[in-house]
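As stored in target20.cif (mmCIF, C-alpha atoms and all ligand atoms):
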```
data_work
#
loop_
_atom_site.label_atom_id
_atom_site.label_comp_id
_atom_site.auth_asym_id
_atom_site.auth_seq_id
_atom_site.Cartn_x
_atom_site.Cartn_y
_atom_site.Cartn_z
CA MET A 791 33.19 21.55 80.62
CA THR A 792 32.21 24.78 82.39
CA PRO A 793 28.70 26.08 81.76
CA SER A 794 28.56 29.82 81.03
CA SER A 795 27.76 32.13 83.91
CA ASP A 796 25.29 34.24 81.92
CA LYS A 797 22.89 31.28 81.67
CA TYR A 798 23.51 29.37 84.88
CA PHE A 799 23.73 29.89 88.59
CA CYS A 800 25.89 27.65 90.71
CA ALA A 801 23.36 26.30 93.24
CA ARG A 802 24.47 24.85 96.56
CA ILE A 803 22.70 22.26 98.73
CA ILE A 804 21.94 23.69 102.17
CA GLU A 805 19.74 20.87 103.51
CA ARG A 806 19.00 17.31 102.49
CA ARG A 807 16.20 15.08 103.80
CA ASP A 808 16.01 11.43 102.73
CA ILE A 809 12.42 10.23 102.40
CA SER A 810 13.08 6.62 101.35
CA ALA A 811 15.83 4.65 99.63
CA ASP A 812 15.08 6.35 96.31
CA LEU A 813 13.39 9.65 97.24
CA TRP A 814 14.98 12.72 98.71
CA VAL A 815 14.39 16.41 99.26
CA ILE A 816 17.02 19.10 98.83
CA ARG A 817 16.88 22.73 99.87
CA VAL A 818 19.18 24.83 97.81
CA ASP A 819 20.74 28.27 97.77
CA PRO A 820 20.08 29.22 94.12
CA GLY A 821 23.27 31.27 93.93
CA GLY A 822 21.58 34.44 92.67
CA GLU A 823 18.28 36.28 92.30
CA TYR A 824 15.79 33.62 91.21
CA SER A 825 12.12 34.29 90.57
CA PHE A 826 9.28 31.95 89.72
CA VAL A 827 5.56 31.44 89.99
CA PRO A 828 4.24 28.47 92.06
CA GLY A 829 3.89 25.49 89.71
CA GLN A 830 6.95 26.29 87.61
CA TYR A 831 10.04 24.13 87.31
CA SER A 832 13.79 24.69 87.46
CA THR A 833 16.41 23.11 85.26
CA LEU A 834 19.16 21.48 87.28
CA GLY A 835 22.35 20.14 85.80
CA VAL A 836 25.33 18.03 86.67
CA VAL A 837 28.61 18.61 84.91
CA THR A 838 30.93 15.77 83.94
CA PRO A 839 34.13 16.07 81.87
CA GLU A 840 32.15 14.83 78.84
CA LYS A 841 28.77 16.43 79.19
CA HIS A 842 26.48 18.80 81.06
CA TYR A 843 23.39 16.73 81.87
CA GLU A 844 20.23 18.71 82.63
CA ARG A 845 16.69 17.86 83.72
CA ALA A 846 13.57 19.67 84.86
CA TYR A 847 12.45 19.63 88.51
CA SER A 848 9.24 21.17 89.81
CA ILE A 849 9.78 23.70 92.54
CA VAL A 850 8.37 22.69 95.93
CA SER A 851 9.14 25.93 97.75
CA ALA A 852 7.04 29.07 97.55
CA PRO A 853 8.46 32.30 96.08
CA GLN A 854 8.70 33.93 99.54
CA GLU A 855 11.23 31.29 100.73
CA LYS A 856 14.93 32.03 100.56
CA LEU A 857 15.88 28.47 99.60
CA LEU A 858 14.62 26.56 96.58
CA GLU A 859 13.28 23.09 97.38
CA PHE A 860 13.06 19.99 95.19
CA PHE A 861 11.66 16.48 95.73
CA VAL A 862 13.60 14.00 93.61
CA GLU A 863 13.18 10.33 92.70
CA LEU A 864 16.16 8.20 91.77
CA VAL A 865 15.89 6.63 88.32
CA PRO A 866 18.68 4.04 88.49
CA GLN A 867 19.20 3.88 84.73
CA GLY A 868 19.07 7.68 84.35
CA ASP A 869 21.73 10.24 83.48
CA VAL A 870 21.08 12.88 86.12
CA THR A 871 19.53 11.33 89.23
CA PRO A 872 22.23 8.70 89.89
CA ARG A 873 24.81 11.51 89.68
CA LEU A 874 22.75 13.87 91.86
CA TYR A 875 21.83 11.24 94.45
CA PRO A 876 25.19 11.21 96.30
CA TYR A 877 25.23 15.02 96.60
CA GLN A 878 25.23 16.22 100.19
CA VAL A 879 25.12 19.57 101.98
CA GLY A 880 27.67 21.90 100.40
CA ASP A 881 27.68 20.18 97.00
CA GLU A 882 26.93 22.27 93.92
CA PHE A 883 25.17 21.87 90.59
CA THR A 884 24.00 24.15 87.82
CA LEU A 885 20.66 25.90 87.85
CA ARG A 886 19.34 27.68 84.78
CA LYS A 887 18.66 31.28 85.77
CA VAL A 888 15.15 31.24 84.34
CA ALA A 889 12.30 29.15 85.77
CA LYS A 890 9.86 27.77 83.21
CA GLY A 891 6.46 26.20 82.86
CA ARG A 892 2.75 26.94 82.72
CA PHE A 893 1.55 24.46 85.32
CA THR A 894 0.35 27.29 87.50
CA LEU A 895 -2.89 27.84 89.40
CA ASP A 896 -5.55 29.08 87.01
CA SER A 897 -7.30 31.86 88.86
CA THR A 898 -8.88 33.58 85.87
CA SER A 899 -11.14 30.92 84.31
CA GLY A 900 -14.05 31.48 86.71
CA ARG A 901 -13.67 27.91 88.02
CA THR A 902 -12.87 28.37 91.70
CA ASN A 903 -12.30 24.71 92.62
CA HIS A 904 -8.97 23.12 91.78
CA LEU A 905 -8.59 19.34 91.81
CA LEU A 906 -4.89 18.54 92.19
CA LEU A 907 -3.78 14.98 91.42
CA ALA A 908 -0.26 13.75 92.09
CA THR A 909 1.87 10.65 92.07
CA VAL A 910 4.87 10.74 94.47
CA THR A 911 7.18 13.63 93.45
CA GLY A 912 4.29 15.07 91.42
CA VAL A 913 3.08 16.68 94.64
CA ALA A 914 5.90 19.25 94.32
CA PRO A 915 4.05 22.06 92.51
CA TYR A 916 1.02 21.67 94.78
CA VAL A 917 3.13 22.16 97.89
CA SER A 918 4.32 25.39 96.30
CA PHE A 919 0.68 26.44 95.64
CA VAL A 920 -0.31 25.66 99.22
CA ARG A 921 2.68 27.32 100.91
CA SER A 922 2.23 30.40 98.78
CA LEU A 923 -1.54 30.67 99.36
CA HIS A 924 -1.08 30.02 103.07
CA ARG A 925 1.26 32.97 103.33
CA GLN A 926 -1.27 35.17 101.50
CA TRP A 927 -4.06 33.79 103.74
CA LYS A 928 -2.14 34.79 106.86
CA GLU A 929 -1.63 38.27 105.42
CA ALA A 930 -5.37 38.46 104.52
CA LYS A 931 -4.46 38.85 100.82
CA PHE A 932 -6.19 35.55 99.97
CA LYS A 933 -9.64 35.05 101.47
CA GLY A 934 -10.27 31.44 100.46
CA GLU A 935 -12.07 32.32 97.23
CA HIS A 936 -10.26 29.41 95.55
CA LYS A 937 -10.52 25.91 97.01
CA LEU A 938 -7.88 23.22 96.54
CA PHE A 939 -8.66 19.48 96.63
CA LEU A 940 -5.50 17.39 96.63
CA LEU A 941 -5.25 13.62 96.04
CA ASP A 942 -1.66 12.55 96.74
CA GLY A 943 -0.71 9.00 95.68
CA ALA A 944 2.26 6.73 96.29
CA SER A 945 2.88 3.01 96.49
CA ARG A 946 3.55 3.16 100.25
CA SER A 947 2.86 5.82 102.86
CA TRP A 948 6.51 6.63 103.58
CA GLU A 949 6.87 7.82 99.97
CA LEU A 950 4.33 10.59 100.62
CA GLY A 951 7.09 13.10 101.31
CA TYR A 952 4.83 16.04 102.23
CA ARG A 953 1.94 14.24 103.94
CA LYS A 954 2.51 15.65 107.42
CA GLU A 955 2.94 19.20 106.17
CA LEU A 956 -0.14 19.02 103.95
CA GLU A 957 -2.26 17.41 106.68
CA GLY A 958 -1.21 20.25 108.95
CA PHE A 959 -2.22 22.90 106.44
CA ALA A 960 -5.52 21.14 105.67
CA ALA A 961 -6.41 20.97 109.37
CA GLY A 962 -5.89 24.70 109.75
CA VAL A 963 -7.58 26.28 106.72
CA PRO A 964 -11.01 25.93 105.08
CA TRP A 965 -9.70 26.10 101.50
CA LEU A 966 -7.61 22.89 101.37
CA SER A 967 -8.84 19.27 101.38
CA TYR A 968 -6.10 16.67 101.37
CA VAL A 969 -6.32 12.91 100.84
CA PRO A 970 -3.16 10.79 100.73
CA THR A 971 -3.59 7.36 99.17
CA VAL A 972 -1.46 4.24 99.06
CA SER A 973 -1.65 1.80 96.14
CA ARG A 974 0.26 -1.11 97.76
CA PRO A 975 -1.28 -1.37 101.21
CA TRP A 976 -0.14 -4.99 101.46
CA GLU A 977 3.43 -3.62 101.71
CA ASP A 978 2.40 -1.07 104.36
CA ASN A 979 0.70 -2.88 107.24
CA TYR A 980 0.22 0.16 109.45
CA TRP A 981 -1.46 2.33 106.84
CA LYS A 982 -5.05 3.11 107.89
CA GLY A 983 -5.85 5.76 105.28
CA GLU A 984 -7.23 5.67 101.74
CA THR A 985 -6.03 2.95 99.40
CA GLY A 986 -5.92 2.69 95.61
CA ARG A 987 -4.35 4.55 92.77
CA VAL A 988 -5.13 8.21 92.24
CA ASP A 989 -6.84 7.49 88.91
CA ASP A 990 -9.05 4.86 90.58
CA LEU A 991 -10.19 7.41 93.18
CA VAL A 992 -10.84 10.43 90.98
CA ARG A 993 -14.55 9.72 90.46
CA LYS A 994 -15.20 8.97 94.12
CA TYR A 995 -13.58 12.17 95.38
CA ALA A 996 -14.83 14.43 92.60
CA ASP A 997 -18.36 13.33 93.55
CA SER A 998 -17.91 13.58 97.30
CA TRP A 999 -16.33 17.05 97.02
CA GLY A 1000 -19.02 18.25 94.58
CA LEU A 1001 -16.52 18.94 91.79
CA THR A 1002 -17.99 19.33 88.31
CA PRO A 1003 -16.63 20.35 84.91
CA GLY A 1004 -18.37 23.71 85.37
CA ASN A 1005 -16.78 24.62 88.68
CA THR A 1006 -13.41 22.80 88.70
CA SER A 1007 -10.04 22.99 86.98
CA VAL A 1008 -8.01 19.79 87.16
CA TYR A 1009 -4.23 19.44 87.42
CA LEU A 1010 -2.37 16.18 86.74
CA CYS A 1011 1.26 15.85 87.77
CA GLY A 1012 3.74 12.99 87.85
CA HIS A 1013 3.55 9.54 86.33
CA PRO A 1014 2.43 9.52 82.67
CA SER A 1015 0.10 6.53 83.09
CA MET A 1016 -1.84 8.26 85.91
CA ILE A 1017 -2.14 11.27 83.63
CA GLU A 1018 -3.36 9.29 80.62
CA ASN A 1019 -5.86 7.22 82.63
CA THR A 1020 -7.23 10.26 84.43
CA LYS A 1021 -7.57 12.28 81.24
CA GLY A 1022 -9.80 9.53 79.83
CA ILE A 1023 -11.95 9.47 82.98
CA LEU A 1024 -12.29 13.25 83.02
CA LYS A 1025 -13.20 13.38 79.34
CA ARG A 1026 -15.95 10.82 79.85
CA ARG A 1027 -17.21 12.93 82.77
CA GLY A 1028 -17.47 16.04 80.61
CA TRP A 1029 -14.28 17.95 81.43
CA GLU A 1030 -13.01 19.93 78.47
CA LYS A 1031 -9.33 20.04 77.55
CA ALA A 1032 -9.07 23.69 78.53
CA ALA A 1033 -10.00 22.84 82.14
CA VAL A 1034 -7.28 20.20 82.52
CA LYS A 1035 -3.58 20.98 82.96
CA GLU A 1036 -0.89 18.33 82.91
CA GLU A 1037 2.79 17.97 83.79
CA ALA A 1038 4.12 14.54 82.83
CA PHE A 1039 7.49 13.89 84.46
CA PHE A 1040 8.73 11.54 81.77
CA ILE A 1041 7.83 9.78 78.55
CA PRO A 1042 8.44 6.05 78.94
CA GLY A 1043 11.62 5.08 77.10
CA LYS A 1044 12.75 8.67 76.56
CA GLU A 1045 14.90 11.25 78.28
CA VAL A 1046 13.01 14.50 78.62
CA VAL A 1047 15.15 17.58 78.40
CA ALA A 1048 13.12 20.67 79.13
CA ALA A 1049 12.98 23.19 76.30
CA HIS A 1050 14.97 26.33 76.98
CA ASN A 1051 15.88 29.14 74.65
C1 LIG A 1101 8.35 19.72 83.87
C2 LIG A 1101 9.00 18.56 84.59
C3 LIG A 1101 9.09 18.59 85.97
C4 LIG A 1101 9.70 17.51 86.65
N1 LIG A 1101 9.76 17.53 88.00
C5 LIG A 1101 10.33 16.49 88.68
C6 LIG A 1101 10.38 16.49 90.11
O1 LIG A 1101 9.93 17.41 90.79
N2 LIG A 1101 10.99 15.42 90.72
C7 LIG A 1101 11.51 14.38 89.99
O2 LIG A 1101 12.05 13.43 90.60
N3 LIG A 1101 11.44 14.35 88.63
C8 LIG A 1101 10.89 15.40 87.98
N4 LIG A 1101 10.85 15.39 86.61
C9 LIG A 1101 11.56 14.32 85.90
C10 LIG A 1101 13.04 14.73 85.72
O3 LIG A 1101 13.13 15.81 84.81
C11 LIG A 1101 13.89 13.59 85.15
O4 LIG A 1101 13.27 13.12 83.97
C12 LIG A 1101 14.05 12.44 86.10
O5 LIG A 1101 14.66 12.89 87.31
C13 LIG A 1101 14.93 11.34 85.51
O6 LIG A 1101 16.15 11.91 85.10
P1 LIG A 1101 17.42 11.00 84.79
O7 LIG A 1101 18.36 11.84 83.99
O8 LIG A 1101 17.92 10.38 86.03
O9 LIG A 1101 16.81 9.86 83.90
P2 LIG A 1101 16.74 9.91 82.26
O10 LIG A 1101 18.11 9.71 81.71
O11 LIG A 1101 16.00 11.15 81.88
O12 LIG A 1101 15.79 8.70 81.96
C14 LIG A 1101 16.25 7.37 81.80
C15 LIG A 1101 15.06 6.52 81.41
O13 LIG A 1101 14.16 6.39 82.52
C16 LIG A 1101 12.84 6.85 82.17
N5 LIG A 1101 12.34 7.58 83.33
C17 LIG A 1101 12.56 8.87 83.65
N6 LIG A 1101 11.99 9.17 84.82
C18 LIG A 1101 11.39 8.04 85.26
C19 LIG A 1101 10.64 7.71 86.41
N7 LIG A 1101 10.37 8.61 87.37
N8 LIG A 1101 10.18 6.45 86.53
C20 LIG A 1101 10.45 5.52 85.59
N9 LIG A 1101 11.16 5.77 84.47
C21 LIG A 1101 11.62 7.02 84.30
C22 LIG A 1101 13.04 7.75 80.96
O14 LIG A 1101 11.88 7.76 80.17
C23 LIG A 1101 14.23 7.10 80.27
O15 LIG A 1101 13.81 6.02 79.49
C24 LIG A 1101 10.21 16.43 85.92
C25 LIG A 1101 10.11 16.42 84.52
C26 LIG A 1101 9.50 17.45 83.87
C27 LIG A 1101 9.39 17.41 82.35
#
```
Please go through the file and, once you have read it, give me the structure as structure tokens.
Amino acid sequence: MTPSSDKYFCARIIERRDISADLWVIRVDPGGEYSFVPGQYSTLGVVTPEKHYERAYSIVSAPQEKLLEFFVELVPQGDVTPRLYPYQVGDEFTLRKVAKGRFTLDSTSGRTNHLLLATVTGVAPYVSFVRSLHRQWKEAKFKGEHKLFLLDGASRSWELGYRKELEGFAAGVPWLSYVPTVSRPWEDNYWKGETGRVDDLVRKYADSWGLTPGNTSVYLCGHPSMIENTKGILKRRGWEKAAVKEEAFFIPGKEVVAAHN
């Protein structure tokens, strides 16, 4: 089948970086004028003779970048990722022309702290926030009036695909605090940093950073069990629903096809 050109761009891979055996980053020429707000997602698709399979992927890049970037995890039993995994530089897939999603930085609530919690590929929208704010910071359009506190979790340190970049940003600006954490340190002998799951560390870091329901919006992105556990913790700590945004990457046992009209 051939997807219609009024709805889809033909996106082409320009760069590929393998992070681990089942995680990779692609940088993509979208194939047309593509606009989005940091935190939104794209819908990528692979075409087979029988079906056009599509899934949502959070955008890692910032709007000022020419290439779109995605951080993808292989789901061996899935429809899309096993087909996308072999794609190399020059290979093409479909990209819906319109970016979607409301998982964007809330700068209007009056809460100027933003606690960003991620598991593995869930760091994607936060990298977009940081790259975008960093550009504005350099141009003196953002003065650090919003502060980001990012807890980035994975089983092992080599799955933290953006650790070096985020550590670099955090070392250079006063508005970003970054803590990577590893939940299986026994499989990662050289890891000297924080250990434990993101949800186990939320209380500790919220306290040490002085984050309260009154001054902080919280963002949860990635694995649904991290999101559910953390929502319970936040609720017991007094965070209201309106101050918590979530982007669950899948529902266990279900394919999630992003809604598009
Ligand atoms: C808004 C949004 C943004 C997303 N952003 C990203 C992103 O940046 N990077 C990324 O890699 N994925 C992201 N996802 C998930 C992505 O859309 C796909 O669901 C995922 O890549 C699996 O697709 P698939 O077709 O290979 O598997 P599917 O055919 O969709 O799933 C097969 C089975 O595996 C389960 N499953 C799906 N994903 C996982 C998983 N990670 N771990 C365990 N079981 C799973 C499903 O529930 C289903 O039962 C996002 C999802 C949403 C809704």
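Comparing A:Thr1002, A:Gln854, A:Ser832, A:Thr838 by their smallest distance to His924 in chain A, the closest is A:Gln854 (using only C-alpha atoms).
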How would you write, as JSON, numbers by chain, the set of residues no farther than 9 Å from ligand LIG 1101 (chain A) when counting only C-alpha atoms and all ligand atoms? {"A": [813, 814, 830, 831, 832, 833, 834, 843, 844, 845, 846, 847, 848, 849, 850, 860, 861, 862, 863, 864, 865, 866, 867, 868, 869, 870, 871, 872, 873, 874, 890, 891, 893, 910, 911, 912, 913, 914, 915, 1011, 1012, 1013, 1037, 1038, 1039, 1040, 1041, 1042, 1043, 1044, 1045, 1046, 1047, 1048]}
Output file for the selection above: C-alpha atoms, as a tab-separated table (two decimals), in the frame of the given file:
```
chain	number	residue	atom	x	y	z
A	813	LEU	CA	13.39	9.65	97.24
A	814	TRP	CA	14.98	12.72	98.71
A	830	GLN	CA	6.95	26.29	87.61
A	831	TYR	CA	10.04	24.13	87.31
A	832	SER	CA	13.79	24.69	87.46
A	833	THR	CA	16.41	23.11	85.26
A	834	LEU	CA	19.16	21.48	87.28
A	843	TYR	CA	23.39	16.73	81.87
A	844	GLU	CA	20.23	18.71	82.63
A	845	ARG	CA	16.69	17.86	83.72
A	846	ALA	CA	13.57	19.67	84.86
A	847	TYR	CA	12.45	19.63	88.51
A	848	SER	CA	9.24	21.17	89.81
A	849	ILE	CA	9.78	23.70	92.54
A	850	VAL	CA	8.37	22.69	95.93
A	860	PHE	CA	13.06	19.99	95.19
A	861	PHE	CA	11.66	16.48	95.73
A	862	VAL	CA	13.60	14.00	93.61
A	863	GLU	CA	13.18	10.33	92.70
A	864	LEU	CA	16.16	8.20	91.77
A	865	VAL	CA	15.89	6.63	88.32
A	866	PRO	CA	18.68	4.04	88.49
A	867	GLN	CA	19.20	3.88	84.73
A	868	GLY	CA	19.07	7.68	84.35
A	869	ASP	CA	21.73	10.24	83.48
A	870	VAL	CA	21.08	12.88	86.12
A	871	THR	CA	19.53	11.33	89.23
A	872	PRO	CA	22.23	8.70	89.89
A	873	ARG	CA	24.81	11.51	89.68
A	874	LEU	CA	22.75	13.87	91.86
A	890	LYS	CA	9.86	27.77	83.21
A	891	GLY	CA	6.46	26.20	82.86
A	893	PHE	CA	1.55	24.46	85.32
A	910	VAL	CA	4.87	10.74	94.47
A	911	THR	CA	7.18	13.63	93.45
A	912	GLY	CA	4.29	15.07	91.42
A	913	VAL	CA	3.08	16.68	94.64
A	914	ALA	CA	5.90	19.25	94.32
A	915	PRO	CA	4.05	22.06	92.51
A	1011	CYS	CA	1.26	15.85	87.77
A	1012	GLY	CA	3.74	12.99	87.85
A	1013	HIS	CA	3.55	9.54	86.33
A	1037	GLU	CA	2.79	17.97	83.79
A	1038	ALA	CA	4.12	14.54	82.83
A	1039	PHE	CA	7.49	13.89	84.46
A	1040	PHE	CA	8.73	11.54	81.77
A	1041	ILE	CA	7.83	9.78	78.55
A	1042	PRO	CA	8.44	6.05	78.94
A	1043	GLY	CA	11.62	5.08	77.10
A	1044	LYS	CA	12.75	8.67	76.56
A	1045	GLU	CA	14.90	11.25	78.28
A	1046	VAL	CA	13.01	14.50	78.62
A	1047	VAL	CA	15.15	17.58	78.40
A	1048	ALA	CA	13.12	20.67	79.13
```
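For the choices A:Glu929, A:Ser922, A:Gly951, A:Leu885, the atom-to-atom distance to Ile809 in chain A is smallest for A:Gly951 when using only C-alpha atoms.
Nearest to Tyr877 in chain A of all the residues A:Arg925, A:Glu840, A:Ala801, A:Trp976 is A:Ala801, counting only C-alpha atoms.
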Between CA of Ser918 in chain A and CA of Ala889 in chain A, what is the spacing in Å? 13.7 Å
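Between CA of Arg987 in chain A and CA of Thr971 in chain A the separation is 7.0 Å.
Nearest residue to Leu858 in chain A among A:Ser795, A:Ser825, A:Thr1006, A:Thr898 is A:Ser825, counting only C-alpha atoms.
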Within 7 Å of Leu857 in chain A, counting only C-alpha atoms, which residues show up once you throw out same-chain ones fewer than 4 positions away? Write them as a ChimeraX atom specification, please. /A:817-820
Which residues are near Asp997 in chain A? Cut-off 12 Å, only C-alpha atoms, ignore same chain within fewer than 4 positions. Put them as a PyMOL selection string. chain A and resi 905+939+991-993+1001-1003+1006+1027
Which centre and which edge lengths, in Å to one decimal, describe the axis-aligned box that holds all listed atoms of range 916-919 of chain A after 6 Å is added on each side, as AutoDock Vina command-line options?
```
--center_x 2.5 --center_y 24.1 --center_z 96.3 --size_x 15.6 --size_y 16.8 --size_z 15.1
```
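For the residues A:Ala852, A:Val827, A:Leu923, A:Ala1032, ranking by smallest atom-to-atom distance to His936 in chain A using only C-alpha atoms places A:Leu923 first.
Our summary of the geometry notes that CA of Lys933 in chain A is positioned 23.9 Å from CA of Tyr952 in chain A.
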Write out as an NGL selection string each polymer residue whose atoms come within 12 Å of Leu938 in chain A, counting all atoms listed in the file; drop sequence neighbours fewer than 5 positions from it. :A and (895-897 or 901-907 or 916-917 or 919-920 or 923-924 or 956 or 959-960 or 963-969 or 996 or 999 or 1001 or 1005-1009)
Every residue with an atom at most 10 Å from (17.9, 17.1, 106.2) (file coordinates; all atoms listed in the file) is what I'm after, so could you write them as a count of residues only? 12
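Comparing A:Glu977, A:Glu955, A:Glu882, A:Asp812 by their smallest distance to Arg921 in chain A, the closest is A:Glu955 (using only C-alpha atoms).
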